[in-house]
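Shown next, in C-alpha cells, is the structure this report addresses.
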Amino acid sequence: MREGVWMWAWLGGVALTARAEVGAGLQPFVKSAAPSVAIMHVRVIDGTGSPAREDQAVLIEAGRIVWVGPNALAPPPPADAERIDATGKTLMPGFVGMHEHLFYPLPDAAAGRLPLYGEMGDSAPRLYLAGGVTTARTAGSLEPYTDLSIKAAIDHGDIPGPRLFVTGPYLEGAPAIGPQLHTLTGPADAARTVDYWAAEGATSFKAYMHITPAELKAAIDAAHAHHLKVTGHLCAVGFREAAALGIDNLEHGLAVDTEFYAGKRPGECPGQQPPQTALAKMDVEGPEIQGLIHDLVAHHVAVTSTLAIFETFVPNRPPMSEARRVRESLHAESWGDYATTRAALAEHAQGSVWSRLFEMEQRFERDFVRQGGLLMAGCDPTGYGGVLPGFGDQRNVELLVEAGFTPEEAIHIATQNGAIGLGEDAHFGTIAPGKAADLILVAGNPAATIADVEKVETVYKDGVGYDPHRLIESVRGLMGIR
Ligand SMILES: [Zn+2]
C-alpha cells in the first residue's frame, strides 16, 4: 500500500482527483497513507474562529475532508478505512504561514562581514511541515530559483514540505540591505523584475525597505496586471502611502511603520531605530494609530503578524523553554550566535524600546482585527536567529493569544485568514467537507492551553499523515547551515 495510493472516488456527485503517489523520498516520514481515514472522538477547532467542538468525527477520502460532525452521527467509514481513536486530542487545520522564508542567517556573522543568509533547502521544508505548516508563502526570496525547485520537488512528492507559494525576489531600492538582493534602478526595473518572475512562477511579490514610492507603484501595477499580490516590509514608504498606492498586504505591522516619525523625509528610509523610538512614545488608542488602522481596513490591506520574530528583540524573551527546542534543531555555531546576541540584549535591557513596542504591536493587531482587518501570521525566521520554521509559527499563535485573541481566533488567523490572503480559502484553511485534508492532530486541548499547539502528533497534508518527530530528527543540527 505504501508503494503508492491511487484512488478515484465518487462522493456526493463530485469527482475527487487522484491522490499523489507517496514517493520513496517521503516514505521515511509517512505514518499514514491510507486512502480513507476516520478520526473519531476528536475535539475540532475548525479554523473559522468558532469555538472548539467536542467528540467530533472527521472523515478523509482520497486526500480530502468528506465529512465533519458529531461522532455519534458519523456515517460508517469504508471497511478498509484507517480508524483513529483521538479521544482527548484536538484536530486543527494545517497552518497557512504567510511569512515563511526558506533561508536563515548564516553563522559567524561579525563586524566587517557581509550579511549573508543561507538557503535551508534541507531543513526548512521539513521543519515547517513538522510544525504543522501545510501551506507557506515565502514572503521575499533570496534564491527564487532554489525556492521554485524546492516547490517542484515537494509538489512531485520527492521531498517532504508544505505546499509552497513562492514569492519573487525582494523588490529593494537603493541601498539594498545586502549583496543577495537586487537593487532596483527605477520604476521600469521594478515592472520588468515583476514581469520576469511572474513568468518564472512567482505568485506574489514583496517590496522592501528602500523601495521608492514610484518603484512601488510600478511593481504593484505590474503585479496586479498578472493578478498577483504585493506585500511589503517598508521603510521609505509609510503604511498609509502604500495603501493609497494599492499595496495588498503589509508585513510585521505597526512596529516597522515609519510614517509617524517627524524626521522622515518623503521617499527616504530614516533607518529603523529613530522611528521606533518615536513610535514607542505614542498611544495605540490615540487618533493617529487608530486612523491608520481605519485607513488600512478601508483599503483592504491585510497585515501579517510576525510576533515570534519581534519577541526575540525583547530582552529576556522568549522563555528558555522555547529556546530549548530551537537549540536542538540548530547547528552549534548558529545556536552560539543566537545565545550571544540574546545575552547582549539582556545586558542592555534598560535602554531597549522593544518591551514597549512589542506590547503596542499586540494591541495594534488586536484593534486591527476588531475594526475588520484581515490579520494573517508567519514566523519570519530572520533577525539574529532563534525563530525556526514551524516552531516559530506555533509560537506566533501563542503570542496572538497573549495579545488578547481567543485560542480559536488565533488559530483562525494562522489558518483560514492565510488561505483568504492567498485567494485559496475554497481549497484549504478550514476543516470542512471538500477542503484538502491539511490537518494537525495535537495531544491535549489548545482551546484551554494554547501551548498544546506544540504537541503535534500527526500532520496531514492532502490526507497523507506525516510524523513530526521523524521530520525534526532527520535534520537535527542542520538548521543554520543547510
Ligand atoms: Zn521576512
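Note on naming: chains are A, B, ... as they come in the C-alpha cells, residues start from 1 per chain, ligands start from 1 in the order shown.
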Task: Neighbourhood of ligand 1 at 8 Å, counting only C-alpha atoms and all ligand atoms, reported as a list in words - done: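 The residues within 8 Å of ligand 1, counting only C-alpha atoms and all ligand atoms, are His99, Glu100, His101, Ala139, Gly140, His233, Glu251, Asp380, Pro381 and Thr382 of chain A.
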Open item on the list: When you look at Gly132 in chain A with a cut-off of 6 Å (counting only C-alpha atoms), what residues show up, excluding the ones that are within fewer than 2 positions of it in the same chain? I need them as number ranges by chain.
Closed with: A: 94-95, 129-130, 134, 440, 459
Within 12 Å of Glu288 in chain A using only C-alpha atoms, minus same-chain residues under 2 positions, as a PDB file with C-alpha atoms, in the first residue's frame:
```pdb
ATOM      1  CA  ARG A 240      -0.899  54.908   4.527  1.00  0.00           C
ATOM      2  CA  LEU A 254       2.898  48.863  13.355  1.00  0.00           C
ATOM      3  CA  GLU A 259       5.185  57.438   8.909  1.00  0.00           C
ATOM      4  CA  PHE A 260       4.758  58.881  12.407  1.00  0.00           C
ATOM      5  CA  TYR A 261       8.433  59.867  12.708  1.00  0.00           C
ATOM      6  CA  LEU A 279       6.670  55.278  17.973  1.00  0.00           C
ATOM      7  CA  MET A 282       2.728  57.087  21.051  1.00  0.00           C
ATOM      8  CA  ASP A 283      -0.588  55.639  22.178  1.00  0.00           C
ATOM      9  CA  VAL A 284      -2.135  52.865  20.082  1.00  0.00           C
ATOM     10  CA  GLU A 285      -5.579  54.011  21.179  1.00  0.00           C
ATOM     11  CA  GLY A 286      -4.807  57.590  20.094  1.00  0.00           C
ATOM     12  CA  GLN A 290      -6.472  54.378  15.143  1.00  0.00           C
ATOM     13  CA  GLY A 291      -6.707  56.484  11.970  1.00  0.00           C
ATOM     14  CA  LEU A 292      -4.017  54.333  10.363  1.00  0.00           C
ATOM     15  CA  ILE A 293      -5.962  51.169  11.238  1.00  0.00           C
ATOM     16  CA  HIS A 294      -9.131  52.667   9.785  1.00  0.00           C
ATOM     17  CA  ASP A 295      -7.275  53.565   6.582  1.00  0.00           C
ATOM     18  CA  PHE A 364      -2.397  47.159  17.221  1.00  0.00           C
TER      19      PHE A 364
END
```
Task: Residues near Ala214 in chain A, cut-off 7 Å, only C-alpha atoms, skip fewer than 3 positions along chain, as a list in words - done: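 Near neighbours after the sequence-gap exclusion: Pro187, Lys217 and Ala218 of chain A.
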Per residue of range 70-178 of chain A within 7 Å of range 20-37 of chain A, note the shortest atom pair and the distance in Å to one decimal, counting only C-alpha atoms, and order the rows by chain and increasing residue number, as CSV.
```
residue,atom,partner,partner_atom,distance
A:Ala81,CA,A:Ser36,CA,4.6
A:Glu82,CA,A:Val37,CA,4.7
A:Arg83,CA,A:Val37,CA,6.0
A:Gly157,CA,A:Gly23,CA,5.7
A:Asp158,CA,A:Gly25,CA,5.0
A:Ile159,CA,A:Gly25,CA,5.3
A:Pro160,CA,A:Leu26,CA,5.7
```
Selected residues written out with N, CA and C atoms, as a PDB file, in the first residue's frame:
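Output contents, as saved in part.pdb:
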```pdb
ATOM      1  N   ALA A  81     -10.968   1.615   5.861  1.00  0.00           N
ATOM      2  CA  ALA A  81     -10.507   2.905   6.402  1.00  0.00           C
ATOM      3  C   ALA A  81      -9.622   2.695   7.617  1.00  0.00           C
ATOM      4  N   GLU A  82      -8.629   3.572   7.746  1.00  0.00           N
ATOM      5  CA  GLU A  82      -7.838   3.589   8.975  1.00  0.00           C
ATOM      6  C   GLU A  82      -8.647   4.357  10.010  1.00  0.00           C
ATOM      7  N   ARG A  83      -8.927   3.702  11.154  1.00  0.00           N
ATOM      8  CA  ARG A  83      -9.708   4.368  12.196  1.00  0.00           C
ATOM      9  C   ARG A  83      -8.769   4.804  13.307  1.00  0.00           C
ATOM     10  N   GLY A 157       6.269  15.122  -4.947  1.00  0.00           N
ATOM     11  CA  GLY A 157       6.331  14.060  -3.949  1.00  0.00           C
ATOM     12  C   GLY A 157       7.730  13.521  -3.722  1.00  0.00           C
ATOM     13  N   ASP A 158       8.760  14.270  -4.115  1.00  0.00           N
ATOM     14  CA  ASP A 158      10.142  13.804  -3.929  1.00  0.00           C
ATOM     15  C   ASP A 158      10.684  14.119  -2.545  1.00  0.00           C
ATOM     16  N   ILE A 159      10.299  15.255  -1.994  1.00  0.00           N
ATOM     17  CA  ILE A 159      10.762  15.641  -0.659  1.00  0.00           C
ATOM     18  C   ILE A 159       9.567  16.136   0.153  1.00  0.00           C
ATOM     19  N   PRO A 160       9.652  15.966   1.501  1.00  0.00           N
ATOM     20  CA  PRO A 160       8.538  16.453   2.322  1.00  0.00           C
ATOM     21  C   PRO A 160       8.604  17.962   2.487  1.00  0.00           C
TER      22      PRO A 160
END
```
Task: Separation of CA of Val453 in chain A from CA of Gly253 in chain A, in Å and rounded to one decimal - done: 23.7 Å
Task: Nearest candidate to Val353 in chain A (options A:Gly232, A:Gly385, A:Pro162, A:Pro274; using only C-alpha atoms) - done: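 Once distances to Val353 in chain A are computed over only C-alpha atoms, the minimum belongs to A:Pro274.
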TODO: Would you work out the distance separating CA of Lys461 in chain A from CA of Tyr117 in chain A, expressed in Å to one decimal?
DONE: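 Computed distance, CA of Lys461 in chain A to CA of Tyr117 in chain A, equals 28.5 Å.
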May I have all residues of range 93-193 of chain A that DSSP, computed from the backbone, assigns to alpha helix (DSSP H), given as a CSV table (one decimal) with N, CA and C atoms, in the first residue's frame?
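To be explicit, this is the file written out as result_7.csv:
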```csv
chain,number,residue,atom,x,y,z
A,123,SER,N,16.5,21.6,5.7
A,123,SER,CA,15.8,21.7,7.0
A,123,SER,C,14.5,22.4,7.0
A,124,ALA,N,14.5,23.6,6.3
A,124,ALA,CA,13.3,24.4,6.4
A,124,ALA,C,12.0,23.7,6.0
A,125,PRO,N,12.0,23.1,4.8
A,125,PRO,CA,10.7,22.5,4.5
A,125,PRO,C,10.2,21.4,5.5
A,126,ARG,N,11.2,20.6,6.0
A,126,ARG,CA,10.8,19.6,7.0
A,126,ARG,C,10.3,20.2,8.3
A,127,LEU,N,11.0,21.2,8.7
A,127,LEU,CA,10.6,21.8,10.0
A,127,LEU,C,9.2,22.5,9.9
A,128,TYR,N,9.0,23.2,8.7
A,128,TYR,CA,7.7,23.8,8.5
A,128,TYR,C,6.6,22.7,8.6
A,129,LEU,N,6.8,21.6,7.9
A,129,LEU,CA,5.7,20.5,7.9
A,129,LEU,C,5.6,19.9,9.3
A,130,ALA,N,6.7,19.7,9.9
A,130,ALA,CA,6.7,19.1,11.3
A,130,ALA,C,5.9,20.0,12.3
A,144,PRO,N,15.3,32.8,-5.5
A,144,PRO,CA,14.0,32.4,-6.1
A,144,PRO,C,14.0,31.1,-6.9
A,145,TYR,N,15.1,30.9,-7.6
A,145,TYR,CA,15.2,29.6,-8.4
A,145,TYR,C,15.2,28.4,-7.5
A,146,THR,N,16.0,28.5,-6.4
A,146,THR,CA,16.0,27.4,-5.4
A,146,THR,C,14.6,27.2,-4.8
A,147,ASP,N,14.0,28.3,-4.4
A,147,ASP,CA,12.6,28.1,-3.9
A,147,ASP,C,11.7,27.4,-4.9
A,148,LEU,N,11.8,27.8,-6.1
A,148,LEU,CA,10.9,27.2,-7.2
A,148,LEU,C,11.2,25.7,-7.4
A,149,SER,N,12.5,25.4,-7.3
A,149,SER,CA,12.9,24.0,-7.5
A,149,SER,C,12.4,23.2,-6.3
A,150,ILE,N,12.5,23.7,-5.1
A,150,ILE,CA,12.0,23.0,-3.9
A,150,ILE,C,10.5,22.8,-4.0
A,151,LYS,N,9.8,23.9,-4.4
A,151,LYS,CA,8.4,23.7,-4.6
A,151,LYS,C,8.1,22.6,-5.6
A,152,ALA,N,8.8,22.5,-6.7
A,152,ALA,CA,8.5,21.5,-7.7
A,152,ALA,C,8.8,20.1,-7.1
A,153,ALA,N,9.9,20.0,-6.3
A,153,ALA,CA,10.2,18.7,-5.7
A,153,ALA,C,9.1,18.3,-4.7
A,154,ILE,N,8.6,19.2,-3.9
A,154,ILE,CA,7.5,18.9,-3.0
A,154,ILE,C,6.3,18.5,-3.7
A,155,ASP,N,5.9,19.3,-4.7
A,155,ASP,CA,4.7,19.0,-5.5
A,155,ASP,C,4.8,17.6,-6.1
A,187,PRO,N,11.4,52.7,-11.6
A,187,PRO,CA,10.1,52.1,-11.8
A,187,PRO,C,10.1,51.1,-13.0
A,188,ALA,N,10.8,51.4,-14.1
A,188,ALA,CA,10.8,50.4,-15.2
A,188,ALA,C,11.5,49.1,-14.8
A,189,ASP,N,12.6,49.2,-14.0
A,189,ASP,CA,13.2,48.0,-13.5
A,189,ASP,C,12.3,47.2,-12.6
A,190,ALA,N,11.5,47.9,-11.7
A,190,ALA,CA,10.6,47.2,-10.8
A,190,ALA,C,9.5,46.5,-11.7
A,191,ALA,N,9.0,47.1,-12.7
A,191,ALA,CA,8.0,46.4,-13.5
A,191,ALA,C,8.6,45.2,-14.3
A,192,ARG,N,9.8,45.4,-14.8
A,192,ARG,CA,10.5,44.4,-15.5
A,192,ARG,C,10.8,43.2,-14.6
A,193,THR,N,11.2,43.4,-13.4
A,193,THR,CA,11.5,42.4,-12.5
A,193,THR,C,10.2,41.6,-12.1
```
Extract, using only C-alpha atoms, all DNA, RNA and protein residues at most 7 Å from Asn396 in chain A, discarding same-chain residues fewer than 2 positions from it, and format them as a PDB file with N, CA and C atoms, in the first residue's frame.
```
ATOM      1  N   THR A 306       3.945  38.960  12.784  1.00  0.00           N
ATOM      2  CA  THR A 306       5.213  38.222  12.945  1.00  0.00           C
ATOM      3  C   THR A 306       5.710  38.398  14.381  1.00  0.00           C
ATOM      4  N   LEU A 307       4.822  38.152  15.333  1.00  0.00           N
ATOM      5  CA  LEU A 307       5.163  38.389  16.745  1.00  0.00           C
ATOM      6  C   LEU A 307       6.338  37.531  17.210  1.00  0.00           C
ATOM      7  N   ALA A 308       6.492  36.340  16.622  1.00  0.00           N
ATOM      8  CA  ALA A 308       7.559  35.452  17.105  1.00  0.00           C
ATOM      9  C   ALA A 308       8.941  36.067  16.879  1.00  0.00           C
ATOM     10  N   CYS A 379       6.189  33.085  10.553  1.00  0.00           N
ATOM     11  CA  CYS A 379       7.237  33.029  11.587  1.00  0.00           C
ATOM     12  C   CYS A 379       8.424  33.939  11.284  1.00  0.00           C
ATOM     13  N   GLY A 392       8.391  28.505  15.150  1.00  0.00           N
ATOM     14  CA  GLY A 392       8.057  29.928  15.187  1.00  0.00           C
ATOM     15  C   GLY A 392       6.589  30.182  14.859  1.00  0.00           C
ATOM     16  N   ASP A 393       6.026  29.357  13.976  1.00  0.00           N
ATOM     17  CA  ASP A 393       4.610  29.511  13.633  1.00  0.00           C
ATOM     18  C   ASP A 393       3.728  29.157  14.830  1.00  0.00           C
ATOM     19  N   GLN A 394       4.115  28.109  15.561  1.00  0.00           N
ATOM     20  CA  GLN A 394       3.372  27.750  16.770  1.00  0.00           C
ATOM     21  C   GLN A 394       3.496  28.860  17.814  1.00  0.00           C
ATOM     22  N   GLU A 398       0.709  31.346  19.943  1.00  0.00           N
ATOM     23  CA  GLU A 398       0.690  31.569  21.394  1.00  0.00           C
ATOM     24  C   GLU A 398       0.733  33.070  21.714  1.00  0.00           C
ATOM     25  N   LEU A 399       1.524  33.810  20.940  1.00  0.00           N
ATOM     26  CA  LEU A 399       1.671  35.242  21.202  1.00  0.00           C
ATOM     27  C   LEU A 399       0.424  36.021  20.781  1.00  0.00           C
ATOM     28  N   LEU A 400      -0.327  35.504  19.819  1.00  0.00           N
ATOM     29  CA  LEU A 400      -1.612  36.119  19.471  1.00  0.00           C
ATOM     30  C   LEU A 400      -2.605  35.962  20.621  1.00  0.00           C
TER      31      LEU A 400
END
```
TODO: Would you mind writing down, as a PyMOL selection string, each residue of range 91-330 of chain A that DSSP on the backbone assigns to strand (DSSP E or B)?
DONE: chain A and resi 91-93+95-97+103-105+117-119+133-137+141+163-165+167+169+171-172+183+204-207+229-232+249-251+302-305+330
Deliver the residues from the most recent selection as a file, using C-alpha atoms, as a PDB file, in the first residue's frame.
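The resulting file, selection_5.pdb, is shown below:
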```
ATOM      1  CA  LEU A  91      -7.680  18.469  15.266  1.00  0.00           C
ATOM      2  CA  MET A  92      -6.947  21.850  13.683  1.00  0.00           C
ATOM      3  CA  PRO A  93      -6.415  22.916  10.059  1.00  0.00           C
ATOM      4  CA  PHE A  95      -1.231  26.408   9.319  1.00  0.00           C
ATOM      5  CA  VAL A  96      -1.160  28.673   6.278  1.00  0.00           C
ATOM      6  CA  GLY A  97       2.068  30.530   7.012  1.00  0.00           C
ATOM      7  CA  PHE A 103      16.604  30.936   4.388  1.00  0.00           C
ATOM      8  CA  TYR A 104      18.177  31.695   7.750  1.00  0.00           C
ATOM      9  CA  PRO A 105      21.112  33.909   8.842  1.00  0.00           C
ATOM     10  CA  TYR A 117      21.665  34.220   4.531  1.00  0.00           C
ATOM     11  CA  GLY A 118      21.810  30.570   3.585  1.00  0.00           C
ATOM     12  CA  GLU A 119      19.088  28.647   1.826  1.00  0.00           C
ATOM     13  CA  VAL A 133       2.599  24.415   8.354  1.00  0.00           C
ATOM     14  CA  THR A 134       0.948  22.710   5.383  1.00  0.00           C
ATOM     15  CA  THR A 135       0.955  25.824   3.183  1.00  0.00           C
ATOM     16  CA  ALA A 136       3.652  28.511   3.122  1.00  0.00           C
ATOM     17  CA  ARG A 137       4.101  31.782   1.279  1.00  0.00           C
ATOM     18  CA  SER A 141      13.103  35.255  -1.703  1.00  0.00           C
ATOM     19  CA  ARG A 163       2.580  23.443  -0.299  1.00  0.00           C
ATOM     20  CA  LEU A 164       4.692  26.430  -1.338  1.00  0.00           C
ATOM     21  CA  PHE A 165       3.563  29.745  -2.772  1.00  0.00           C
ATOM     22  CA  THR A 167       7.267  34.992  -3.624  1.00  0.00           C
ATOM     23  CA  PRO A 169      12.976  38.204  -5.159  1.00  0.00           C
ATOM     24  CA  LEU A 171      11.912  44.378  -4.593  1.00  0.00           C
ATOM     25  CA  GLU A 172      14.504  46.572  -2.897  1.00  0.00           C
ATOM     26  CA  THR A 183      18.944  46.911  -6.279  1.00  0.00           C
ATOM     27  CA  SER A 204       3.400  37.163  -5.167  1.00  0.00           C
ATOM     28  CA  PHE A 205       5.971  39.891  -4.571  1.00  0.00           C
ATOM     29  CA  LYS A 206       7.457  41.604  -1.562  1.00  0.00           C
ATOM     30  CA  ALA A 207       8.649  45.192  -1.608  1.00  0.00           C
ATOM     31  CA  LYS A 229      -0.466  40.473  -4.973  1.00  0.00           C
ATOM     32  CA  VAL A 230       2.235  42.640  -3.444  1.00  0.00           C
ATOM     33  CA  THR A 231       3.204  42.749   0.190  1.00  0.00           C
ATOM     34  CA  GLY A 232       5.878  44.885   1.800  1.00  0.00           C
ATOM     35  CA  ASN A 249      -0.537  43.407   2.394  1.00  0.00           C
ATOM     36  CA  LEU A 250       1.941  44.794   4.942  1.00  0.00           C
ATOM     37  CA  GLU A 251       4.360  42.609   6.857  1.00  0.00           C
ATOM     38  CA  ALA A 302      -4.029  42.747   5.036  1.00  0.00           C
ATOM     39  CA  VAL A 303      -1.385  42.658   7.783  1.00  0.00           C
ATOM     40  CA  THR A 304       0.902  39.719   8.531  1.00  0.00           C
ATOM     41  CA  SER A 305       1.601  39.192  12.229  1.00  0.00           C
ATOM     42  CA  LEU A 330      20.170  24.473  15.253  1.00  0.00           C
TER      43      LEU A 330
END
```
Hey, could you make a per-residue contact list for range 373-451 of chain A against range 54-60 of chain A with 10 Å as the cut-off, showing the nearest pair of atoms and its distance in Å to one decimal, counting only C-alpha atoms, sorted by chain and number, as CSV?
```
residue,atom,partner,partner_atom,distance
A:Ile431,CA,A:Val58,CA,8.4
A:Ala432,CA,A:Val58,CA,8.9
A:Pro433,CA,A:Leu59,CA,8.8
A:Gly434,CA,A:Ile60,CA,9.7
A:Lys435,CA,A:Ile60,CA,9.8
A:Ala436,CA,A:Ile60,CA,9.0
A:Ala437,CA,A:Ile60,CA,6.6
```
Export C-alpha atoms of the chosen residues as a tab-separated table (two decimals), in the first residue's frame?
```tsv
chain	number	residue	atom	x	y	z
A	431	ILE	CA	-11.92	21.77	8.48
A	432	ALA	CA	-14.91	21.42	6.19
A	433	PRO	CA	-16.16	18.93	3.58
A	434	GLY	CA	-14.48	19.43	0.21
A	435	LYS	CA	-11.34	21.03	1.63
A	436	ALA	CA	-7.93	19.44	1.33
A	437	ALA	CA	-7.19	17.18	4.30
```
- [ ] Figure out the distance between CA of Asp122 in chain A and CA of Tyr338 in chain A, please, to one decimal in Å.
- [x]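 One can read the CA of Tyr338 in chain A to CA of Asp122 in chain A distance as 20.6 Å.
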Task: Among the residues A:Leu388, A:Leu114, A:Ala344, A:Ile413, the one that comes closest to Ile472 in chain A [using only C-alpha atoms] - done: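 Looking at the shortest contact to Ile472 in chain A, the residue is A:Leu388.
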Task: Among listed residues A:Ser329, A:Ser352, A:Thr430, A:Thr406, nearest Met479 in chain A (using only C-alpha atoms) - done: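 Smallest separation from Met479 in chain A among the options: A:Ser329.
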Task: Residues within 12 Å of Ser321 in chain A, only C-alpha atoms, excluding chain neighbours under 6 positions, as a ChimeraX atom specification - done: /A:327-328,391,395,451,454
Task: Nearest candidate to Ala86 in chain A (options A:Ala443, A:Leu216, A:Gly271, A:Asp248; using only C-alpha atoms) - done: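 Answer, going by the shortest atom-to-atom distance: A:Ala443.
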TODO: Please provide as a PyMOL selection string all residues within 12 Å of Leu228 in chain A, with the sequence filter that same-chain residues fewer than 2 positions apart are discarded (counting only C-alpha atoms).
DONE: chain A and resi 165-168+194-195+197-199+201-206+219-226+230-231+247-249+421-423
Convert the current residue selection to file output with C-alpha atoms, as a short mmCIF file (atom, residue, chain, number, x, y, z; two decimals), in the first residue's frame.
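Written out: again.cif:
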```cif
data_model
loop_
_atom_site.label_atom_id
_atom_site.label_comp_id
_atom_site.auth_asym_id
_atom_site.auth_seq_id
_atom_site.Cartn_x
_atom_site.Cartn_y
_atom_site.Cartn_z
CA PHE A 165 3.56 29.75 -2.77
CA VAL A 166 6.84 31.23 -3.94
CA THR A 167 7.27 34.99 -3.62
CA GLY A 168 9.63 36.64 -6.09
CA VAL A 194 7.87 41.60 -11.63
CA ASP A 195 7.08 40.56 -15.21
CA TRP A 197 9.47 36.46 -12.10
CA ALA A 198 5.73 36.19 -12.69
CA ALA A 199 6.62 34.27 -15.85
CA GLY A 201 6.39 31.03 -11.39
CA ALA A 202 6.39 33.57 -8.56
CA THR A 203 2.83 34.05 -7.29
CA SER A 204 3.40 37.16 -5.17
CA PHE A 205 5.97 39.89 -4.57
CA LYS A 206 7.46 41.60 -1.56
CA ALA A 219 5.63 47.00 -9.06
CA ILE A 220 2.04 47.00 -7.79
CA ASP A 221 0.64 47.86 -11.24
CA ALA A 222 2.76 45.17 -12.92
CA ALA A 223 1.81 42.51 -10.33
CA HIS A 224 -1.87 43.38 -10.48
CA ALA A 225 -1.76 43.06 -14.26
CA HIS A 226 -0.74 39.43 -13.64
CA VAL A 230 2.23 42.64 -3.44
CA THR A 231 3.20 42.75 0.19
CA ILE A 247 -0.49 47.53 -1.85
CA ASP A 248 -2.31 44.34 -0.82
CA ASN A 249 -0.54 43.41 2.39
CA GLY A 421 -4.98 36.14 1.71
CA LEU A 422 -3.79 33.65 -0.89
CA GLY A 423 -7.23 33.53 -2.54
#
```
TODO: Return the single residue from A:Glu424, A:Glu347, A:Asp108, A:Glu61 that is closest to Glu333 in chain A, with distances computed using only C-alpha atoms.
DONE: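 Checking each candidate against Glu333 in chain A, we get A:Asp108 as the closest.
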- [ ] Compare A:Glu457, A:Glu402, A:Asp462, A:Glu408 by their minimum atom-to-atom distance to His427 in chain A, counting only C-alpha atoms, and give me the closest one.
- [x] A:Asp462
